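Everything below belongs to structure15.cif, which stores mmCIF, N, CA and C atoms.
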```cif
data_start
loop_
_atom_site.label_atom_id
_atom_site.label_comp_id
_atom_site.auth_asym_id
_atom_site.auth_seq_id
_atom_site.Cartn_x
_atom_site.Cartn_y
_atom_site.Cartn_z
N MET A 1 0.85 -1.16 0.00
CA MET A 1 0.00 0.00 0.00
C MET A 1 0.89 1.23 0.00
N LEU A 2 0.50 2.23 -0.70
CA LEU A 2 1.26 3.46 -0.79
C LEU A 2 0.42 4.58 -0.21
N ASP A 3 0.94 5.27 0.79
CA ASP A 3 0.25 6.41 1.39
C ASP A 3 1.12 7.63 1.27
N ASN A 4 0.50 8.77 1.12
CA ASN A 4 1.21 10.04 1.14
C ASN A 4 1.11 10.59 2.55
N ALA A 5 2.21 10.82 3.18
CA ALA A 5 2.20 11.43 4.51
C ALA A 5 2.65 12.87 4.37
N ILE A 6 1.86 13.76 4.86
CA ILE A 6 2.21 15.17 4.84
C ILE A 6 2.68 15.51 6.24
N GLN A 7 3.91 15.96 6.37
CA GLN A 7 4.50 16.19 7.68
C GLN A 7 4.92 17.64 7.81
N SER A 8 4.47 18.25 8.90
CA SER A 8 4.92 19.62 9.18
C SER A 8 6.22 19.54 9.96
N GLN A 9 7.14 20.41 9.67
CA GLN A 9 8.45 20.41 10.33
C GLN A 9 8.52 21.55 11.34
N THR A 10 9.25 21.33 12.42
CA THR A 10 9.49 22.38 13.39
C THR A 10 10.94 22.33 13.82
N GLY A 11 11.46 23.41 14.29
CA GLY A 11 12.85 23.46 14.73
C GLY A 11 13.04 23.04 16.16
N LEU A 12 11.98 22.69 16.86
CA LEU A 12 12.10 22.30 18.27
C LEU A 12 12.38 20.82 18.37
N SER A 13 13.49 20.45 18.96
CA SER A 13 13.88 19.04 19.00
C SER A 13 12.92 18.19 19.81
N TRP A 14 12.24 18.76 20.79
CA TRP A 14 11.32 17.97 21.60
C TRP A 14 9.92 17.90 20.98
N HIS A 15 9.72 18.55 19.87
CA HIS A 15 8.43 18.52 19.19
C HIS A 15 8.69 18.28 17.70
N PRO A 16 8.67 17.00 17.26
CA PRO A 16 9.12 16.68 15.91
C PRO A 16 8.18 17.08 14.78
N GLY A 17 7.03 17.61 15.06
CA GLY A 17 6.10 17.96 13.99
C GLY A 17 4.92 17.01 13.97
N ALA A 18 4.02 17.23 13.08
CA ALA A 18 2.82 16.40 12.99
C ALA A 18 2.75 15.75 11.63
N SER A 19 2.10 14.59 11.56
CA SER A 19 1.91 13.89 10.30
C SER A 19 0.44 13.64 10.07
N ALA A 20 0.04 13.66 8.83
CA ALA A 20 -1.31 13.28 8.44
C ALA A 20 -1.19 12.51 7.13
N PHE A 21 -2.05 11.54 6.92
CA PHE A 21 -2.01 10.75 5.71
C PHE A 21 -3.05 11.25 4.72
N ASP A 22 -2.63 11.41 3.49
CA ASP A 22 -3.50 11.86 2.41
C ASP A 22 -3.48 10.76 1.36
N THR A 23 -4.58 10.04 1.21
CA THR A 23 -4.59 8.91 0.28
C THR A 23 -5.14 9.28 -1.09
N ALA A 24 -5.34 10.58 -1.34
CA ALA A 24 -5.78 11.00 -2.68
C ALA A 24 -4.69 10.67 -3.70
N VAL A 25 -5.09 10.19 -4.86
CA VAL A 25 -4.15 9.83 -5.90
C VAL A 25 -3.49 11.09 -6.45
N LYS A 26 -2.16 11.07 -6.53
CA LYS A 26 -1.37 12.19 -7.06
C LYS A 26 -0.40 11.61 -8.09
N PRO A 27 -0.82 11.50 -9.35
CA PRO A 27 -0.02 10.80 -10.36
C PRO A 27 1.39 11.33 -10.56
N TYR A 28 1.65 12.62 -10.36
CA TYR A 28 2.98 13.17 -10.61
C TYR A 28 3.64 13.65 -9.32
N ALA A 29 3.25 13.08 -8.21
CA ALA A 29 3.80 13.49 -6.91
C ALA A 29 5.28 13.13 -6.82
N ARG A 30 6.02 13.92 -6.06
CA ARG A 30 7.42 13.65 -5.73
C ARG A 30 7.46 13.41 -4.23
N PHE A 31 8.23 12.41 -3.80
CA PHE A 31 8.26 12.04 -2.39
C PHE A 31 9.61 12.37 -1.78
N ALA A 32 9.59 12.74 -0.49
CA ALA A 32 10.81 13.07 0.23
C ALA A 32 11.43 11.84 0.88
N ARG A 33 10.63 10.88 1.29
CA ARG A 33 11.12 9.68 1.98
C ARG A 33 10.24 8.49 1.63
N ALA A 34 10.80 7.29 1.75
CA ALA A 34 10.03 6.06 1.62
C ALA A 34 10.33 5.19 2.85
N TYR A 35 9.29 4.63 3.44
CA TYR A 35 9.42 3.79 4.62
C TYR A 35 8.74 2.45 4.36
N ALA A 36 9.25 1.40 5.01
CA ALA A 36 8.57 0.11 5.06
C ALA A 36 8.15 -0.07 6.51
N SER A 37 6.94 -0.52 6.73
CA SER A 37 6.50 -0.75 8.10
C SER A 37 6.08 -2.21 8.27
N TYR A 38 6.06 -2.68 9.50
CA TYR A 38 5.70 -4.06 9.79
C TYR A 38 4.83 -4.10 11.03
N SER A 39 4.07 -5.17 11.12
CA SER A 39 3.28 -5.46 12.31
C SER A 39 3.40 -6.96 12.53
N PHE A 40 3.77 -7.37 13.73
CA PHE A 40 4.03 -8.77 14.05
C PHE A 40 3.22 -9.15 15.28
N THR A 41 2.48 -10.26 15.21
CA THR A 41 1.75 -10.78 16.37
C THR A 41 1.86 -12.30 16.35
N ALA A 42 2.19 -12.87 17.50
CA ALA A 42 2.19 -14.33 17.68
C ALA A 42 1.36 -14.63 18.92
N VAL A 43 0.56 -15.67 18.86
CA VAL A 43 -0.31 -16.03 19.98
C VAL A 43 -0.06 -17.49 20.34
N PHE A 44 0.20 -17.75 21.63
CA PHE A 44 0.37 -19.12 22.12
C PHE A 44 -1.01 -19.76 22.26
N THR A 45 -1.19 -20.94 21.66
CA THR A 45 -2.51 -21.56 21.65
C THR A 45 -2.63 -22.74 22.60
N GLY A 46 -1.57 -23.06 23.37
CA GLY A 46 -1.63 -24.15 24.33
C GLY A 46 -2.38 -23.75 25.59
N ASN A 47 -2.47 -24.68 26.54
CA ASN A 47 -3.17 -24.37 27.78
C ASN A 47 -2.27 -23.61 28.75
N GLU A 48 -2.83 -23.15 29.85
CA GLU A 48 -2.11 -22.29 30.80
C GLU A 48 -0.90 -22.99 31.42
N ASP A 49 -1.02 -24.30 31.73
CA ASP A 49 0.12 -25.03 32.31
C ASP A 49 1.27 -25.14 31.31
N GLN A 50 0.96 -25.41 30.04
CA GLN A 50 1.99 -25.48 29.01
C GLN A 50 2.68 -24.12 28.85
N ARG A 51 1.89 -23.06 28.86
CA ARG A 51 2.45 -21.71 28.72
C ARG A 51 3.37 -21.39 29.89
N ALA A 52 2.96 -21.72 31.10
CA ALA A 52 3.76 -21.43 32.30
C ALA A 52 5.08 -22.18 32.28
N ALA A 53 5.13 -23.35 31.64
CA ALA A 53 6.35 -24.16 31.61
C ALA A 53 7.39 -23.62 30.62
N LEU A 54 7.02 -22.68 29.78
CA LEU A 54 7.94 -22.20 28.76
C LEU A 54 9.05 -21.30 29.28
N GLY A 55 8.85 -20.63 30.40
CA GLY A 55 9.87 -19.69 30.88
C GLY A 55 9.93 -18.49 29.96
N GLU A 56 11.08 -18.26 29.31
CA GLU A 56 11.22 -17.12 28.42
C GLU A 56 10.83 -17.50 26.99
N VAL A 57 10.15 -16.59 26.33
CA VAL A 57 9.80 -16.73 24.92
C VAL A 57 10.38 -15.51 24.22
N ARG A 58 11.07 -15.72 23.11
CA ARG A 58 11.66 -14.58 22.41
C ARG A 58 11.54 -14.76 20.90
N TYR A 59 11.64 -13.65 20.19
CA TYR A 59 11.54 -13.68 18.75
C TYR A 59 12.53 -12.69 18.16
N ALA A 60 12.89 -12.95 16.92
CA ALA A 60 13.74 -12.05 16.14
C ALA A 60 13.31 -12.17 14.69
N ALA A 61 13.36 -11.07 13.97
CA ALA A 61 12.98 -11.08 12.55
C ALA A 61 13.91 -10.16 11.78
N VAL A 62 14.19 -10.55 10.55
CA VAL A 62 15.03 -9.74 9.66
C VAL A 62 14.43 -9.73 8.27
N PRO A 63 14.59 -8.62 7.54
CA PRO A 63 14.07 -8.57 6.17
C PRO A 63 14.95 -9.42 5.24
N LEU A 64 14.29 -10.00 4.24
CA LEU A 64 14.99 -10.80 3.22
C LEU A 64 15.12 -10.00 1.94
N SER A 65 16.28 -10.10 1.30
CA SER A 65 16.48 -9.53 -0.03
C SER A 65 15.91 -10.50 -1.06
N ALA A 66 15.76 -10.05 -2.28
CA ALA A 66 15.22 -10.90 -3.35
C ALA A 66 16.07 -12.16 -3.54
N ASP A 67 17.39 -12.06 -3.28
CA ASP A 67 18.26 -13.23 -3.45
C ASP A 67 18.29 -14.13 -2.21
N GLY A 68 17.49 -13.80 -1.18
CA GLY A 68 17.43 -14.62 0.03
C GLY A 68 18.41 -14.20 1.11
N SER A 69 19.31 -13.26 0.82
CA SER A 69 20.26 -12.81 1.85
C SER A 69 19.54 -11.94 2.87
N HIS A 70 20.12 -11.85 4.05
CA HIS A 70 19.51 -11.08 5.13
C HIS A 70 20.55 -10.74 6.20
N PRO A 71 20.26 -9.71 7.01
CA PRO A 71 21.14 -9.42 8.14
C PRO A 71 21.08 -10.58 9.13
N ALA A 72 22.03 -10.65 10.02
CA ALA A 72 22.05 -11.71 11.03
C ALA A 72 20.87 -11.55 11.98
N LEU A 73 20.25 -12.67 12.35
CA LEU A 73 19.22 -12.64 13.39
C LEU A 73 19.91 -12.29 14.69
N LYS A 74 19.32 -11.38 15.46
CA LYS A 74 19.93 -11.05 16.73
C LYS A 74 18.85 -10.79 17.76
N TYR A 75 19.23 -10.98 18.99
CA TYR A 75 18.34 -10.73 20.12
C TYR A 75 18.96 -9.68 21.00
N GLY A 76 18.14 -8.87 21.61
CA GLY A 76 18.62 -7.88 22.56
C GLY A 76 17.83 -8.00 23.84
N ALA A 77 18.20 -7.22 24.83
CA ALA A 77 17.43 -7.19 26.07
C ALA A 77 16.12 -6.45 25.78
N GLY A 78 15.02 -7.01 26.16
CA GLY A 78 13.74 -6.38 25.89
C GLY A 78 13.42 -6.44 24.41
N SER A 79 12.78 -5.41 23.90
CA SER A 79 12.47 -5.38 22.48
C SER A 79 13.21 -4.23 21.83
N GLY A 80 13.40 -4.33 20.52
CA GLY A 80 14.11 -3.28 19.82
C GLY A 80 14.11 -3.51 18.33
N SER A 81 14.78 -2.62 17.63
CA SER A 81 14.89 -2.73 16.18
C SER A 81 16.18 -2.05 15.75
N SER A 82 16.57 -2.29 14.51
CA SER A 82 17.79 -1.68 14.00
C SER A 82 17.51 -1.04 12.66
N SER A 83 18.46 -0.27 12.18
CA SER A 83 18.30 0.41 10.90
C SER A 83 18.30 -0.56 9.72
N THR A 84 18.65 -1.82 9.95
CA THR A 84 18.61 -2.82 8.88
C THR A 84 17.19 -3.33 8.64
N GLY A 85 16.24 -2.96 9.51
CA GLY A 85 14.88 -3.48 9.42
C GLY A 85 14.65 -4.67 10.33
N ALA A 86 15.68 -5.11 11.06
CA ALA A 86 15.54 -6.21 12.01
C ALA A 86 14.76 -5.73 13.24
N PHE A 87 14.02 -6.64 13.87
CA PHE A 87 13.37 -6.34 15.14
C PHE A 87 13.34 -7.59 16.00
N TRP A 88 13.24 -7.41 17.32
CA TRP A 88 13.30 -8.52 18.26
C TRP A 88 12.59 -8.15 19.55
N GLY A 89 12.29 -9.17 20.34
CA GLY A 89 11.65 -8.94 21.63
C GLY A 89 11.56 -10.24 22.40
N ASN A 90 11.11 -10.14 23.64
CA ASN A 90 10.94 -11.33 24.46
C ASN A 90 9.88 -11.11 25.52
N SER A 91 9.49 -12.20 26.15
CA SER A 91 8.54 -12.16 27.25
C SER A 91 8.92 -13.28 28.19
N SER A 92 8.49 -13.19 29.43
CA SER A 92 8.92 -14.16 30.43
C SER A 92 7.80 -14.47 31.40
N ASN A 93 7.85 -15.67 31.96
CA ASN A 93 6.88 -16.05 33.00
C ASN A 93 7.42 -15.77 34.40
N SER A 94 8.60 -15.18 34.51
CA SER A 94 9.10 -14.80 35.83
C SER A 94 8.68 -13.37 36.11
N GLY A 95 8.67 -13.00 37.35
CA GLY A 95 8.30 -11.64 37.71
C GLY A 95 6.87 -11.54 38.20
N PRO A 96 6.43 -10.33 38.47
CA PRO A 96 5.12 -10.14 39.10
C PRO A 96 3.93 -10.53 38.21
N SER A 97 4.04 -10.36 36.90
CA SER A 97 2.91 -10.73 36.05
C SER A 97 3.38 -11.72 34.99
N PRO A 98 2.80 -12.92 34.98
CA PRO A 98 3.21 -13.93 34.00
C PRO A 98 2.82 -13.54 32.58
N TRP A 99 3.50 -14.13 31.62
CA TRP A 99 3.26 -13.90 30.20
C TRP A 99 1.83 -14.28 29.85
N ASP A 100 1.14 -13.43 29.11
CA ASP A 100 -0.26 -13.67 28.77
C ASP A 100 -0.45 -14.51 27.51
N GLY A 101 0.65 -14.91 26.87
CA GLY A 101 0.55 -15.77 25.69
C GLY A 101 0.61 -15.05 24.36
N THR A 102 0.80 -13.73 24.38
CA THR A 102 0.91 -13.00 23.11
C THR A 102 2.24 -12.30 23.00
N LEU A 103 2.72 -12.19 21.80
CA LEU A 103 3.90 -11.41 21.46
C LEU A 103 3.50 -10.49 20.33
N SER A 104 3.84 -9.23 20.42
CA SER A 104 3.52 -8.34 19.31
C SER A 104 4.55 -7.23 19.22
N ASP A 105 4.70 -6.73 18.02
CA ASP A 105 5.67 -5.68 17.76
C ASP A 105 5.23 -4.96 16.49
N GLY A 106 5.75 -3.79 16.30
CA GLY A 106 5.45 -3.04 15.09
C GLY A 106 6.41 -1.88 14.98
N GLY A 107 6.63 -1.44 13.79
CA GLY A 107 7.55 -0.33 13.57
C GLY A 107 7.81 -0.17 12.10
N GLY A 108 8.94 0.41 11.79
CA GLY A 108 9.26 0.62 10.39
C GLY A 108 10.69 1.06 10.23
N THR A 109 11.09 1.18 8.98
CA THR A 109 12.44 1.58 8.68
C THR A 109 12.45 2.42 7.41
N TYR A 110 13.36 3.36 7.34
CA TYR A 110 13.55 4.21 6.17
C TYR A 110 14.20 3.36 5.08
N LEU A 111 13.68 3.41 3.86
CA LEU A 111 14.20 2.56 2.79
C LEU A 111 15.46 3.09 2.13
N GLY A 112 15.75 4.38 2.27
CA GLY A 112 16.96 4.92 1.67
C GLY A 112 16.84 5.07 0.16
N GLY A 113 17.84 5.67 -0.43
CA GLY A 113 17.82 5.90 -1.86
C GLY A 113 16.82 6.99 -2.23
N ASP A 114 16.62 7.18 -3.51
CA ASP A 114 15.66 8.18 -4.00
C ASP A 114 14.27 7.57 -3.95
N PRO A 115 13.37 8.10 -3.11
CA PRO A 115 12.04 7.52 -2.99
C PRO A 115 11.20 7.67 -4.25
N ASN A 116 11.66 8.46 -5.21
CA ASN A 116 10.93 8.63 -6.45
C ASN A 116 11.32 7.58 -7.49
N ASP A 117 12.39 6.85 -7.22
CA ASP A 117 12.69 5.65 -7.98
C ASP A 117 11.91 4.53 -7.30
N THR A 118 11.96 3.35 -7.85
CA THR A 118 11.26 2.24 -7.22
C THR A 118 12.00 1.85 -5.95
N PRO A 119 11.36 2.00 -4.76
CA PRO A 119 12.06 1.62 -3.52
C PRO A 119 12.34 0.11 -3.50
N VAL A 120 13.38 -0.26 -2.81
CA VAL A 120 13.73 -1.67 -2.67
C VAL A 120 13.00 -2.19 -1.42
N TRP A 121 11.84 -2.79 -1.63
CA TRP A 121 11.05 -3.33 -0.53
C TRP A 121 11.62 -4.69 -0.13
N PRO A 122 11.51 -5.06 1.13
CA PRO A 122 11.94 -6.41 1.52
C PRO A 122 11.13 -7.46 0.74
N ALA A 123 11.79 -8.53 0.33
CA ALA A 123 11.11 -9.61 -0.38
C ALA A 123 10.28 -10.45 0.59
N GLY A 124 10.58 -10.35 1.87
CA GLY A 124 9.89 -11.10 2.91
C GLY A 124 10.63 -10.92 4.22
N TYR A 125 10.31 -11.73 5.20
CA TYR A 125 10.99 -11.69 6.50
C TYR A 125 11.33 -13.10 6.94
N LEU A 126 12.48 -13.24 7.57
CA LEU A 126 12.85 -14.47 8.25
C LEU A 126 12.58 -14.22 9.73
N VAL A 127 11.76 -15.08 10.34
CA VAL A 127 11.37 -14.91 11.74
C VAL A 127 11.81 -16.15 12.51
N GLU A 128 12.41 -15.93 13.67
CA GLU A 128 12.77 -17.04 14.55
C GLU A 128 12.05 -16.85 15.88
N LEU A 129 11.41 -17.91 16.35
CA LEU A 129 10.71 -17.90 17.63
C LEU A 129 11.35 -18.96 18.50
N THR A 130 11.72 -18.58 19.72
CA THR A 130 12.34 -19.52 20.67
C THR A 130 11.44 -19.60 21.90
N ALA A 131 11.02 -20.82 22.24
CA ALA A 131 10.16 -21.04 23.40
C ALA A 131 10.58 -22.33 24.08
N GLY A 132 10.76 -22.27 25.40
CA GLY A 132 11.15 -23.47 26.14
C GLY A 132 12.45 -24.07 25.66
N GLY A 133 13.38 -23.25 25.15
CA GLY A 133 14.68 -23.73 24.70
C GLY A 133 14.68 -24.28 23.28
N THR A 134 13.55 -24.30 22.60
CA THR A 134 13.46 -24.80 21.24
C THR A 134 13.21 -23.64 20.29
N SER A 135 14.00 -23.58 19.21
CA SER A 135 13.86 -22.50 18.22
C SER A 135 13.31 -23.05 16.92
N ARG A 136 12.47 -22.26 16.30
CA ARG A 136 11.94 -22.58 14.98
C ARG A 136 12.00 -21.33 14.13
N GLN A 137 12.30 -21.51 12.84
CA GLN A 137 12.34 -20.40 11.90
C GLN A 137 11.24 -20.55 10.85
N ALA A 138 10.75 -19.42 10.38
CA ALA A 138 9.76 -19.40 9.31
C ALA A 138 10.11 -18.24 8.38
N THR A 139 9.85 -18.45 7.10
CA THR A 139 10.00 -17.39 6.11
C THR A 139 8.61 -16.87 5.78
N LEU A 140 8.43 -15.58 5.97
CA LEU A 140 7.13 -14.95 5.67
C LEU A 140 7.27 -14.16 4.38
N LEU A 141 6.45 -14.49 3.39
CA LEU A 141 6.49 -13.83 2.10
C LEU A 141 5.17 -13.12 1.85
N PRO A 142 5.21 -11.98 1.19
CA PRO A 142 3.95 -11.28 0.89
C PRO A 142 3.14 -12.06 -0.15
N VAL A 143 1.84 -11.88 -0.10
CA VAL A 143 0.97 -12.46 -1.10
C VAL A 143 0.26 -11.33 -1.82
N GLU A 144 -0.30 -11.61 -2.98
CA GLU A 144 -0.97 -10.57 -3.75
C GLU A 144 -2.03 -9.88 -2.90
N GLY A 145 -2.06 -8.58 -2.96
CA GLY A 145 -3.01 -7.81 -2.17
C GLY A 145 -2.40 -7.28 -0.90
N GLY A 146 -1.17 -7.66 -0.59
CA GLY A 146 -0.46 -7.13 0.56
C GLY A 146 -0.60 -7.89 1.84
N ALA A 147 -1.52 -8.86 1.92
CA ALA A 147 -1.68 -9.63 3.15
C ALA A 147 -0.55 -10.65 3.26
N ALA A 148 -0.10 -10.91 4.48
CA ALA A 148 0.98 -11.88 4.67
C ALA A 148 0.43 -13.18 5.18
#
```
As structure tokens, please, write out the structure in this file.
Amino acid sequence: MLDNAIQSQTGLSWHPGASAFDTAVKPYARFARAYASYSFTAVFTGNEDQRAALGEVRYAAVPLSADGSHPALKYGAGSGSSSTGAFWGNSSNSGPSPWDGTLSDGGGTYLGGDPNDTPVWPAGYLVELTAGGTSRQATLLPVEGGAA
């Protein structure tokens, strides 16, 4: 999906400006930036005892190039993302509130280059989920219409 974001700029570092989306078609528009955004949700479908036995659950995802190459999968403390488009996070059953069985994340990254040329969109994402000491990887590819 392609949206036009109109952003007002200000010189105050603590107030970055405002954005609004304008989806009106502009055939000869010129763009200042191109971004790719993502939304990730995983839901544990087992029972409460199985969920409690998992301890820490963590995930990491990286964008895939058309040739299948990608940045290294990495994990950090808590959740985060990098300028490569990678993102990661974790949850735990230790502490005052146990894990509720969901993992979610969202964000985006600047695509770089001239946004008026065809941006280089990720061909897909490589996602790794680790639960109870067992890791599994999945490749997520877009399907026609933009749904994954």
Care to translate the PyMOL selection byres ((chain A and resi 52-69) around 7) into actual residues of this file, as a compact mmCIF listing (two decimals) with N, CA and C atoms, in the frame of the given file?
```
# COMPACT_ATOMS: atom_id res chain seq x y z
N ASN A 47 -2.47 -24.68 26.54
CA ASN A 47 -3.17 -24.37 27.78
C ASN A 47 -2.27 -23.61 28.75
N GLU A 48 -2.83 -23.15 29.85
CA GLU A 48 -2.11 -22.29 30.80
C GLU A 48 -0.90 -22.99 31.42
N ASP A 49 -1.02 -24.30 31.73
CA ASP A 49 0.12 -25.03 32.31
C ASP A 49 1.27 -25.14 31.31
N GLN A 50 0.96 -25.41 30.04
CA GLN A 50 1.99 -25.48 29.01
C GLN A 50 2.68 -24.12 28.85
N ARG A 51 1.89 -23.06 28.86
CA ARG A 51 2.45 -21.71 28.72
C ARG A 51 3.37 -21.39 29.89
N HIS A 70 20.12 -11.85 4.05
CA HIS A 70 19.51 -11.08 5.13
C HIS A 70 20.55 -10.74 6.20
N PRO A 71 20.26 -9.71 7.01
CA PRO A 71 21.14 -9.42 8.14
C PRO A 71 21.08 -10.58 9.13
N ALA A 72 22.03 -10.65 10.02
CA ALA A 72 22.05 -11.71 11.03
C ALA A 72 20.87 -11.55 11.98
N LEU A 73 20.25 -12.67 12.35
CA LEU A 73 19.22 -12.64 13.39
C LEU A 73 19.91 -12.29 14.69
N LYS A 74 19.32 -11.38 15.46
CA LYS A 74 19.93 -11.05 16.73
C LYS A 74 18.85 -10.79 17.76
N TYR A 75 19.23 -10.98 18.99
CA TYR A 75 18.34 -10.73 20.12
C TYR A 75 18.96 -9.68 21.00
N THR A 84 18.65 -1.82 9.95
CA THR A 84 18.61 -2.82 8.88
C THR A 84 17.19 -3.33 8.64
N GLY A 85 16.24 -2.96 9.51
CA GLY A 85 14.88 -3.48 9.42
C GLY A 85 14.65 -4.67 10.33
N ALA A 86 15.68 -5.11 11.06
CA ALA A 86 15.54 -6.21 12.01
C ALA A 86 14.76 -5.73 13.24
N PHE A 87 14.02 -6.64 13.87
CA PHE A 87 13.37 -6.34 15.14
C PHE A 87 13.34 -7.59 16.00
N TRP A 88 13.24 -7.41 17.32
CA TRP A 88 13.30 -8.52 18.26
C TRP A 88 12.59 -8.15 19.55
N GLY A 89 12.29 -9.17 20.34
CA GLY A 89 11.65 -8.94 21.63
C GLY A 89 11.56 -10.24 22.40
N ASN A 90 11.11 -10.14 23.64
CA ASN A 90 10.94 -11.33 24.46
C ASN A 90 9.88 -11.11 25.52
N SER A 91 9.49 -12.20 26.15
CA SER A 91 8.54 -12.16 27.25
C SER A 91 8.92 -13.28 28.19
N SER A 92 8.49 -13.19 29.43
CA SER A 92 8.92 -14.16 30.43
C SER A 92 7.80 -14.47 31.40
N ASN A 93 7.85 -15.67 31.96
CA ASN A 93 6.88 -16.05 33.00
C ASN A 93 7.42 -15.77 34.40
N SER A 94 8.60 -15.18 34.51
CA SER A 94 9.10 -14.80 35.83
C SER A 94 8.68 -13.37 36.11
N TRP A 121 11.84 -2.79 -1.63
CA TRP A 121 11.05 -3.33 -0.53
C TRP A 121 11.62 -4.69 -0.13
N PRO A 122 11.51 -5.06 1.13
CA PRO A 122 11.94 -6.41 1.52
C PRO A 122 11.13 -7.46 0.74
N ALA A 123 11.79 -8.53 0.33
CA ALA A 123 11.11 -9.61 -0.38
C ALA A 123 10.28 -10.45 0.59
N GLY A 124 10.58 -10.35 1.87
CA GLY A 124 9.89 -11.10 2.91
C GLY A 124 10.63 -10.92 4.22
N TYR A 125 10.31 -11.73 5.20
CA TYR A 125 10.99 -11.69 6.50
C TYR A 125 11.33 -13.10 6.94
N LEU A 126 12.48 -13.24 7.57
CA LEU A 126 12.85 -14.47 8.25
C LEU A 126 12.58 -14.22 9.73
N VAL A 127 11.76 -15.08 10.34
CA VAL A 127 11.37 -14.91 11.74
C VAL A 127 11.81 -16.15 12.51
N GLU A 128 12.41 -15.93 13.67
CA GLU A 128 12.77 -17.04 14.55
C GLU A 128 12.05 -16.85 15.88
N LEU A 129 11.41 -17.91 16.35
CA LEU A 129 10.71 -17.90 17.63
C LEU A 129 11.35 -18.96 18.50
N THR A 130 11.72 -18.58 19.72
CA THR A 130 12.34 -19.52 20.67
C THR A 130 11.44 -19.60 21.90
N ALA A 131 11.02 -20.82 22.24
CA ALA A 131 10.16 -21.04 23.40
C ALA A 131 10.58 -22.33 24.08
N GLY A 132 10.76 -22.27 25.40
CA GLY A 132 11.15 -23.47 26.14
C GLY A 132 12.45 -24.07 25.66
N GLY A 133 13.38 -23.25 25.15
CA GLY A 133 14.68 -23.73 24.70
C GLY A 133 14.68 -24.28 23.28
```
Alpha helix (DSSP H) call set, DSSP backbone run, stretch 12-91 of chain A, as a list of chain:residue names: A:Glu48, A:Asp49, A:Gln50, A:Arg51, A:Ala52
Atomic separation - atom CA of A:Val143 relative to atom CA of A:Phe44, Å: 24.2 Å
Distance in Å - atom N of A:Thr118 versus atom CA of A:Ser82: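 Atom-to-atom, atom N of A:Thr118 and atom CA of A:Ser82 are spaced 23.2 Å apart.
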Members of stretch 36-135 of chain A assigned strand (DSSP E or B) by DSSP, as a ChimeraX atom specification: /A:36-43,56-64,80-81,87-92,102-110,124-131,134-135
To test the calculation: enclose all listed atoms of stretch 24-40 of chain A in a box whose edges run along x, y and z, add 8 Å on each side, then state centre and edge lengths in Å to one decimal, as lines of an AutoDock Vina configuration file.
```
center_x = 2.8
center_y = 2.4
center_z = 2.3
size_x = 33.2
size_y = 39.1
size_z = 41.9
```
One-decimal distance in Å that lies between atom N of A:Val43 and atom N of A:Ser104: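 For atom N of A:Ser104 relative to atom N of A:Val43, the distance reads 7.4 Å.
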Who sits within 6.5 Å of A:Leu103, all atoms listed in the file, same chain under 2 positions skipped, as an MDAnalysis selection string: chainID A and resid 40:44 101 105
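With only C-alpha atoms as the atoms that count, the minimum distance from A:Tyr28 to the choices A:Leu140, A:Thr102, A:Asn116, A:Ser81 is reached by A:Asn116.
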A:Gly80, A:Arg136, A:Pro96, A:Pro115 ranked by distance to A:Tyr35, top pick (using all atoms listed in the file):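 Going through A:Gly80, A:Arg136, A:Pro96, A:Pro115 one by one, the smallest distance to A:Tyr35 is for A:Pro115.
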